[in-house]
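Next comes model-v6.tsv, with TSV, C-alpha atoms.
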```tsv
chain	number	residue	atom	x	y	z
L	1	MET	CA	20.70	1.00	20.16
L	2	SER	CA	16.97	0.52	19.74
L	3	ASP	CA	15.59	-2.99	19.93
L	4	ALA	CA	12.45	-4.76	18.81
L	5	TYR	CA	10.67	-7.91	19.77
L	6	HIS	CA	8.47	-9.91	17.45
L	7	GLY	CA	4.96	-11.26	17.55
L	8	ASP	CA	3.26	-13.52	15.08
L	9	ASP	CA	2.68	-10.64	12.69
L	10	GLY	CA	6.16	-9.12	12.68
L	11	PRO	CA	7.95	-6.43	14.66
L	12	VAL	CA	5.62	-5.43	17.50
L	13	LEU	CA	7.29	-2.75	19.53
L	14	VAL	CA	10.32	-0.56	19.23
L	15	ARG	CA	11.91	1.12	22.24
L	16	GLY	CA	13.91	4.28	21.85
L	17	PHE	CA	17.25	5.09	23.36
L	18	GLU	CA	15.66	6.30	26.62
L	19	GLY	CA	13.30	3.33	26.87
L	20	GLN	CA	10.19	5.19	25.77
L	21	ASP	CA	7.66	3.28	23.71
L	22	ILE	CA	7.32	4.67	20.21
L	23	LEU	CA	4.86	3.82	17.48
L	24	ARG	CA	5.14	0.41	15.94
L	25	LEU	CA	6.63	0.43	12.46
L	26	ALA	CA	5.63	-2.96	11.13
L	27	LEU	CA	4.61	-1.90	7.64
L	28	LEU	CA	6.38	-1.18	4.39
L	29	SER	CA	9.85	-1.90	5.75
L	30	PHE	CA	11.07	-3.72	2.67
L	31	ALA	CA	7.49	-4.96	2.28
L	32	ALA	CA	8.19	-5.76	-1.33
L	33	VAL	CA	11.15	-7.88	-0.37
L	34	ILE	CA	9.08	-9.74	2.22
L	35	ALA	CA	6.41	-10.52	-0.32
L	36	VAL	CA	8.96	-11.62	-2.91
L	37	ALA	CA	10.82	-13.72	-0.34
L	38	LEU	CA	7.62	-15.35	0.87
L	39	ALA	CA	7.06	-16.48	-2.69
L	40	ILE	CA	10.01	-18.84	-2.37
L	41	GLY	CA	8.02	-21.51	-0.59
L	42	PHE	CA	5.19	-21.30	-3.09
L	43	PHE	CA	7.37	-21.40	-6.17
L	44	MET	CA	9.89	-23.93	-4.90
L	45	ASP	CA	7.24	-26.28	-3.54
L	46	ALA	CA	5.32	-26.09	-6.80
L	47	GLY	CA	8.47	-26.73	-8.78
L	48	GLN	CA	9.47	-29.69	-6.67
L	49	GLN	CA	6.01	-31.22	-6.94
L	50	ALA	CA	6.11	-30.89	-10.71
L	51	ALA	CA	9.64	-32.22	-11.06
L	52	THR	CA	10.24	-35.86	-11.93
L	53	PRO	CA	12.19	-37.57	-9.14
L	54	PRO	CA	15.75	-38.31	-10.23
L	55	PRO	CA	16.58	-41.97	-10.86
L	56	PRO	CA	18.37	-43.83	-8.07
L	57	SER	CA	22.11	-43.53	-8.27
L	58	THR	CA	25.02	-45.39	-6.80
L	59	PRO	CA	25.97	-43.90	-3.44
L	60	ALA	CA	29.03	-41.71	-3.74
L	61	ALA	CA	31.45	-40.37	-1.21
L	62	ALA	CA	30.24	-37.23	0.52
L	63	GLY	CA	31.77	-33.96	-0.57
L	64	PRO	CA	31.25	-31.04	-2.94
L	65	PRO	CA	30.56	-31.78	-6.60
L	66	PRO	CA	33.49	-31.49	-9.00
L	67	PRO	CA	34.07	-27.96	-10.31
L	68	GLU	CA	33.14	-28.71	-13.91
L	69	PRO	CA	29.56	-29.97	-13.33
L	70	LEU	CA	29.01	-27.14	-10.82
L	71	MET	CA	30.15	-24.53	-13.34
L	72	LEU	CA	28.03	-26.05	-16.10
L	73	ALA	CA	24.99	-25.96	-13.81
L	74	ARG	CA	25.71	-22.33	-12.94
L	75	GLN	CA	25.98	-21.39	-16.59
L	76	SER	CA	22.68	-23.12	-17.33
L	77	ILE	CA	20.94	-21.16	-14.57
L	78	GLU	CA	22.46	-17.89	-15.76
L	79	ARG	CA	21.20	-18.60	-19.29
L	80	GLU	CA	17.75	-19.43	-17.91
L	81	ILE	CA	17.55	-16.07	-16.14
L	82	ALA	CA	18.91	-14.09	-19.09
L	83	THR	CA	16.51	-15.76	-21.53
L	84	LYS	CA	13.31	-15.74	-19.48
L	85	ALA	CA	13.70	-12.55	-17.46
L	86	PRO	CA	16.17	-9.97	-18.77
L	87	ASP	CA	15.03	-7.56	-16.05
L	88	TYR	CA	16.08	-10.06	-13.40
L	89	ALA	CA	19.37	-10.57	-15.23
L	90	VAL	CA	20.12	-6.88	-14.64
L	91	PHE	CA	19.76	-7.42	-10.89
L	92	PHE	CA	22.05	-10.46	-10.94
L	93	ALA	CA	24.63	-8.59	-13.03
L	94	ARG	CA	24.66	-5.74	-10.52
L	95	LEU	CA	24.88	-8.20	-7.65
L	96	ARG	CA	27.92	-9.77	-9.31
L	97	ALA	CA	29.57	-6.36	-9.74
L	98	THR	CA	28.69	-5.08	-6.25
L	99	LEU	CA	29.10	-8.21	-4.12
L	100	PRO	CA	30.98	-10.80	-6.22
L	101	SER	CA	31.50	-13.25	-3.36
L	102	GLU	CA	27.79	-13.06	-2.49
L	103	TYR	CA	26.90	-13.64	-6.13
L	104	ASP	CA	29.17	-16.69	-6.28
L	105	SER	CA	27.70	-18.07	-3.07
L	106	ILE	CA	24.11	-17.66	-4.30
L	107	LEU	CA	24.77	-19.09	-7.77
L	108	ASP	CA	26.80	-21.98	-6.38
L	109	GLY	CA	23.89	-22.73	-4.08
L	110	PHE	CA	21.51	-22.76	-7.03
L	111	ALA	CA	23.88	-24.99	-9.01
L	112	LYS	CA	24.21	-27.51	-6.17
L	113	GLU	CA	20.42	-27.68	-5.86
L	114	ALA	CA	20.18	-28.30	-9.60
L	115	LEU	CA	22.75	-31.08	-9.39
L	116	ASP	CA	20.68	-32.59	-6.57
L	117	GLY	CA	17.78	-32.85	-9.00
L	118	LYS	CA	15.73	-29.81	-8.02
L	119	ASP	CA	13.79	-27.97	-10.72
L	120	LEU	CA	15.21	-24.44	-10.87
L	121	THR	CA	13.51	-23.28	-14.05
L	122	ASN	CA	11.24	-20.81	-12.20
L	123	VAL	CA	13.14	-17.55	-12.47
L	124	ASP	CA	10.76	-15.76	-10.10
L	125	ALA	CA	11.74	-18.23	-7.38
L	126	LEU	CA	15.42	-17.71	-8.15
L	127	LEU	CA	15.13	-13.96	-7.71
L	128	SER	CA	13.12	-14.47	-4.53
L	129	GLU	CA	15.73	-16.71	-2.99
L	130	ALA	CA	18.58	-14.42	-4.01
L	131	VAL	CA	16.86	-11.40	-2.48
L	132	ARG	CA	16.17	-13.32	0.73
L	133	ASP	CA	19.78	-14.47	1.03
L	134	LEU	CA	21.01	-10.95	0.34
L	135	ARG	CA	18.70	-9.44	2.95
L	136	VAL	CA	19.83	-11.94	5.59
L	137	SER	CA	23.54	-11.51	4.87
L	138	ASN	CA	23.80	-7.80	4.05
L	139	GLY	CA	20.41	-6.15	4.58
L	140	ILE	CA	21.45	-4.21	7.68
L	141	LEU	CA	23.88	-2.22	5.53
L	142	ALA	CA	20.94	-0.69	3.62
L	143	ALA	CA	20.01	1.28	6.75
L	144	LYS	CA	23.43	2.96	6.51
L	145	ALA	CA	22.97	4.06	2.91
L	146	ASP	CA	23.09	7.68	1.85
L	147	GLY	CA	19.81	9.57	1.68
L	148	PRO	CA	18.94	9.10	-2.01
L	149	ALA	CA	19.64	5.34	-2.01
L	150	LEU	CA	17.65	4.80	1.19
L	151	ALA	CA	14.72	6.91	-0.02
L	152	HIS	CA	14.64	5.10	-3.37
L	153	ILE	CA	13.54	1.88	-1.64
L	154	PHE	CA	10.36	3.61	-0.51
L	155	ASP	CA	9.84	5.38	-3.83
L	156	ILE	CA	9.70	1.95	-5.48
L	157	GLN	CA	7.28	0.72	-2.83
L	158	LEU	CA	4.94	3.57	-3.70
L	159	ARG	CA	5.15	2.63	-7.37
L	160	MET	CA	4.26	-0.95	-6.49
L	161	MET	CA	1.27	0.15	-4.41
L	162	GLN	CA	0.03	2.33	-7.24
L	163	ALA	CA	0.32	-0.56	-9.69
L	164	LEU	CA	-1.48	-2.90	-7.29
L	165	ALA	CA	-4.21	-0.34	-6.63
L	166	ALA	CA	-4.96	-0.20	-10.32
L	167	SER	CA	-5.08	-4.00	-10.48
L	168	ASP	CA	-6.68	-5.19	-7.24
L	169	PRO	CA	-7.07	-3.21	-3.97
L	170	LYS	CA	-6.97	-6.46	-1.99
L	171	LEU	CA	-3.52	-7.24	-3.37
L	172	CYS	CA	-2.50	-3.67	-2.57
L	173	VAL	CA	-3.44	-4.24	1.09
L	174	ASP	CA	-1.64	-7.61	1.09
L	175	PHE	CA	1.50	-5.82	-0.04
L	176	LEU	CA	1.02	-3.08	2.53
L	177	TYR	CA	1.08	-5.65	5.31
L	178	GLY	CA	3.86	-7.73	3.75
L	179	GLY	CA	1.45	-10.55	2.95
L	180	ALA	CA	1.79	-13.12	0.23
L	181	SER	CA	-0.83	-14.89	-1.82
L	182	GLN	CA	-1.00	-16.86	-5.02
L	183	ALA	CA	-2.67	-13.87	-6.71
L	184	PHE	CA	0.19	-11.61	-5.64
L	185	PHE	CA	2.74	-14.05	-7.02
L	186	ALA	CA	0.91	-14.03	-10.36
L	187	PHE	CA	0.90	-10.24	-10.33
L	188	SER	CA	4.65	-10.21	-9.63
L	189	ALA	CA	5.34	-12.58	-12.53
L	190	SER	CA	3.48	-10.20	-14.85
L	191	HIS	CA	5.30	-7.13	-13.47
L	192	ARG	CA	8.88	-8.33	-13.52
L	193	PRO	CA	10.43	-4.94	-14.39
L	194	LEU	CA	8.90	-3.44	-11.25
L	195	VAL	CA	9.87	-6.43	-9.08
L	196	ALA	CA	13.41	-6.19	-10.47
L	197	ASP	CA	13.51	-2.47	-9.69
L	198	MET	CA	12.62	-3.23	-6.06
L	199	ALA	CA	15.36	-5.83	-5.81
L	200	ILE	CA	17.87	-3.46	-7.41
L	201	ALA	CA	16.87	-0.62	-5.06
L	202	GLY	CA	17.65	-2.82	-2.07
L	203	LEU	CA	20.95	-3.90	-3.58
L	204	GLU	CA	21.97	-0.32	-4.36
L	205	ALA	CA	21.16	0.71	-0.79
L	206	ILE	CA	23.34	-2.13	0.51
L	207	GLY	CA	26.17	-0.97	-1.75
L	208	SER	CA	25.77	2.60	-0.56
L	209	GLY	CA	25.73	1.47	3.06
L	210	ARG	CA	29.00	-0.41	2.60
L	211	VAL	CA	30.67	2.68	1.21
L	212	ASN	CA	29.10	5.42	3.33
L	213	GLY	CA	28.29	3.68	6.62
L	214	VAL	CA	25.91	6.44	7.73
L	215	GLU	CA	24.95	6.05	11.39
L	216	ARG	CA	21.54	7.50	12.26
L	217	ASP	CA	19.78	7.97	15.57
L	218	ALA	CA	16.56	6.08	16.23
L	219	PRO	CA	13.39	8.02	15.34
L	220	SER	CA	11.97	10.04	18.22
L	221	ASP	CA	8.41	10.38	19.42
L	222	SER	CA	8.34	13.79	17.75
L	223	ASP	CA	9.28	12.22	14.40
L	224	PHE	CA	6.34	9.83	14.58
L	225	ASN	CA	4.01	12.51	15.91
L	226	ALA	CA	4.93	14.71	12.98
L	227	LEU	CA	4.16	11.86	10.58
L	228	SER	CA	0.84	11.15	12.28
L	229	SER	CA	-0.19	14.82	12.22
L	230	ALA	CA	0.79	15.19	8.57
L	231	MET	CA	-1.28	12.13	7.63
L	232	LYS	CA	-4.30	13.50	9.48
L	233	ALA	CA	-3.89	16.76	7.57
L	234	GLN	CA	-4.31	14.67	4.41
L	235	GLY	CA	-7.68	13.36	5.61
L	236	VAL	CA	-6.53	10.16	7.34
L	237	ASN	CA	-8.54	9.54	10.51
L	238	ASP	CA	-7.30	8.20	13.86
L	239	ALA	CA	-8.30	4.59	13.15
L	240	GLU	CA	-6.51	4.66	9.79
L	241	VAL	CA	-3.37	6.17	11.30
L	242	ALA	CA	-3.41	3.47	13.99
L	243	ALA	CA	-3.83	0.78	11.34
L	244	ILE	CA	-0.75	2.03	9.49
L	245	LEU	CA	1.58	3.07	12.30
L	246	ASP	CA	0.45	0.92	15.22
L	247	GLY	CA	-0.67	-2.13	13.27
L	248	LYS	CA	-4.03	-2.08	15.03
L	249	THR	CA	-6.95	-3.92	13.46
L	250	PRO	CA	-9.84	-1.46	13.19
L	251	ASN	CA	-13.42	-2.40	14.03
L	252	PRO	CA	-15.21	-2.17	11.67
L	253	PRO	CA	-12.51	-3.09	9.14
L	254	ILE	CA	-11.35	-0.44	6.71
L	255	PRO	CA	-12.36	-1.31	3.12
L	256	ASP	CA	-9.48	-2.51	0.96
L	257	ALA	CA	-9.73	0.36	-1.52
L	258	ARG	CA	-9.54	2.92	1.30
L	259	MET	CA	-6.71	1.09	3.09
L	260	CYS	CA	-4.77	1.00	-0.15
L	261	THR	CA	-5.26	4.76	-0.49
L	262	VAL	CA	-4.17	5.30	3.11
L	263	GLY	CA	-1.01	3.29	2.48
L	264	GLN	CA	-0.14	5.51	-0.45
L	265	ILE	CA	-0.83	8.63	1.63
L	266	TYR	CA	1.49	7.20	4.29
L	267	LEU	CA	4.37	6.82	1.84
L	268	LYS	CA	3.82	10.20	0.22
L	269	THR	CA	3.52	11.93	3.59
L	270	LEU	CA	6.60	10.19	4.95
L	271	GLY	CA	8.48	11.33	1.86
L	272	GLY	CA	7.50	14.92	2.67
L	273	LEU	CA	8.81	14.99	6.25
L	274	PRO	CA	11.95	16.99	7.07
L	275	GLU	CA	14.91	15.11	5.70
L	276	GLN	CA	16.51	13.91	8.93
L	277	ALA	CA	13.24	12.72	10.49
L	278	ARG	CA	12.32	10.95	7.26
L	279	LEU	CA	15.70	9.22	6.97
L	280	ARG	CA	15.60	8.11	10.60
L	281	ILE	CA	12.26	6.40	10.03
L	282	TYR	CA	13.42	4.90	6.73
L	283	ALA	CA	16.56	3.51	8.39
L	284	LEU	CA	14.57	2.00	11.26
L	285	ALA	CA	12.17	0.31	8.87
L	286	VAL	CA	14.98	-1.22	6.83
L	287	SER	CA	16.98	-2.33	9.86
L	288	LEU	CA	13.94	-4.04	11.38
L	289	MET	CA	13.42	-6.06	8.24
L	290	ALA	CA	17.10	-7.01	8.06
L	291	ARG	CA	16.87	-8.43	11.57
L	292	SER	CA	13.48	-10.12	11.16
```
Render the structure in this file as structure tokens.
Amino acid sequence: MSDAYHGDDGPVLVRGFEGQDILRLALLSFAAVIAVALAIGFFMDAGQQAATPPPPSTPAAAGPPPPEPLMLARQSIEREIATKAPDYAVFFARLRATLPSEYDSILDGFAKEALDGKDLTNVDALLSEAVRDLRVSNGILAAKADGPALAHIFDIQLRMMQALAASDPKLCVDFLYGGASQAFFAFSASHRPLVADMAIAGLEAIGSGRVNGVERDAPSDSDFNALSSAMKAQGVNDAEVAAILDGKTPNPPIPDARMCTVGQIYLKTLGGLPEQARLRIYALAVSLMARS
């Protein structure tokens, strides 16, 4: 199998089956999920700071809360999601149908936090945490999805980049590199249908991977060379290709608007590669994120 080691900015190097170094694929591997998951700290910290500390209570014996309060807390959280964010409710409904035990585990976790006095009224944070938990527990299965389900993840990423480009090229670049910022969180809260679509795409790929279990070879040097050449044919220069595929920081820096355009060219070009080469790269990107 191929393996990767990590630097401060994510997956740094991937080695192929024969030990050859191939281009770094640190970008757009579930970039949307990274950005959403990184929002957890922001949203949860903000919520905890705003919450009123619970009054002191008499110490009780350690152990899980009784079933009835736990179920009531779960139902309250489910109502909160359904009322505030129907698009997110669709994701949670599909999670319950696809992975019922995972759904129960996530919702029970939310309910226990609520019973501990945490403020869980921020539905964006709830989706973020659910997506993170799902990626950690089942994300590797997405790499084994059938072609359409795997490709759909990257189709949604392109849609997100296009929406960000129209709003703020800097946010578009943040997304491209899996970054998170307060401005990006605000954008996500105002684009919940798109954020929900990204979460659902990942879930559907996991479901497909469980059923199909497609095993794919690691991408070869020729796969990455074909991608690089195709990008250059679209007007992307060497420094821009290196910024996307090798994660190199260009000097001078590439303007945000141009880097956002290059990121979209990358996704469109990748989508136009021969099917098997494209799916090998898609699967590598998803598997790296599942292990990160």
Quiz prompt | Pick from L:Arg258, L:Pro169, L:Gly147, L:Pro250 nearest to Arg278 (chain L), counting only C-alpha atoms | solution =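 Among L:Arg258, L:Pro169, L:Gly147, L:Pro250, it is L:Gly147 that comes nearest to Arg278 (chain L).
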Exercise. Could you check how far CA of Ile206 (chain L) sits from CA of Gly272 (chain L), in Å to one decimal?
Key: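 Separation of CA of Ile206 (chain L) and CA of Gly272 (chain L): 23.4 Å.
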Exercise. Find the distance between CA of Asp246 (chain L) and CA of Val195 (chain L) and write it in Å to one decimal.
Key: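 These atoms are spaced 27.1 Å apart.
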Exercise. Show which residues sit within 9 Å of Asp155 (chain L), as an MDAnalysis selection string. Count all atoms listed in the file, and ignore same-chain residues fewer than 5 positions away.
Key: chainID L and resid 160 267:268 271
Quiz item: Met161 (chain L): which residues within 12 Å, counting only C-alpha atoms, same-chain residues fewer than 3 positions away excluded, as number ranges by chain?
Solution: L: 28, 31-32, 154-158, 164-178, 184, 187, 194-195, 198, 257, 259-268
Practice problem: List every protein, DNA or RNA residue that has at least one atom no more than 12 Å from (21.0, -30.3, -9.4) in the file's coordinates, counting only C-alpha atoms, and write the result as a ChimeraX atom specification. | Solution: /L:48,51,53-54,65,69-74,76-77,107-121
Practice problem: Rounded to one decimal place, report the CA of Asp197 (chain L)-CA of Asp217 (chain L) distance in Å. | Solution: 28.0 Å
Taking every listed atom of region 267-284 of chain L and adding 4 Å to each side, what centre and edge lengths in Å (one decimal) does the axis-aligned box have, as JSON?
```
{"center_x": 10.0, "center_y": 9.5, "center_z": 5.7, "size_x": 21.0, "size_y": 23.0, "size_z": 19.0}
```
Quiz item: Nearest to Asp146 (chain L): which of L:Asp223, L:Glu129, L:Glu215, L:Glu240 is it, counting all atoms listed in the file?
Solution: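 The shortest atom-to-atom distance to Asp146 (chain L) comes from L:Glu215.
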Practice problem: List the neighbours of Val286 (chain L) out to 9 Å using all atoms listed in the file; skip same-chain residues closer than 2 positions along the sequence, and give me the result as number ranges by chain. | Solution: L: 28-30, 139-140, 142-143, 150, 281-284, 288-291
Report as a PDB file with C-alpha atoms, keeping the file's coordinate frame all protein, DNA and RNA residues lying within 8 Å of region 86-103 of chain L, evaluated on all atoms listed in the file, omitting residues in the same chain fewer than 5 positions from it.
```
ATOM      1  CA  GLU L  78      22.460 -17.890 -15.760  1.00  0.00           C
ATOM      2  CA  ILE L  81      17.550 -16.070 -16.140  1.00  0.00           C
ATOM      3  CA  LEU L 127      15.130 -13.960  -7.710  1.00  0.00           C
ATOM      4  CA  LEU L 134      21.010 -10.950   0.340  1.00  0.00           C
ATOM      5  CA  ARG L 192       8.880  -8.330 -13.520  1.00  0.00           C
ATOM      6  CA  PRO L 193      10.430  -4.940 -14.390  1.00  0.00           C
ATOM      7  CA  ALA L 196      13.410  -6.190 -10.470  1.00  0.00           C
ATOM      8  CA  ALA L 199      15.360  -5.830  -5.810  1.00  0.00           C
ATOM      9  CA  ILE L 200      17.870  -3.460  -7.410  1.00  0.00           C
ATOM     10  CA  LEU L 203      20.950  -3.900  -3.580  1.00  0.00           C
ATOM     11  CA  GLY L 207      26.170  -0.970  -1.750  1.00  0.00           C
TER      12      GLY L 207
END
```
Self-check item: Residue with smallest distance to Ala233 (chain L) - pool L:Gly247, L:Thr269, L:Pro219, L:Val211, counting all atoms listed in the file
Solution: L:Thr269
Self-check item: Close residues, Ala201 (chain L) itself excluded, 7 Å, all atoms listed in the file, min 4 positions apart in chain, as JSON, numbers by chain
Solution: {"L": [152, 153, 197, 205]}
Quiz item: Restricting the calculation to all atoms listed in the file, which member of L:Arg210, L:Arg280, L:Lys232, L:Lys84 is positioned closest to Leu141 (chain L)?
Solution: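 Of L:Arg210, L:Arg280, L:Lys232, L:Lys84, the one nearest Leu141 (chain L), counting all atoms listed in the file, is L:Arg210.
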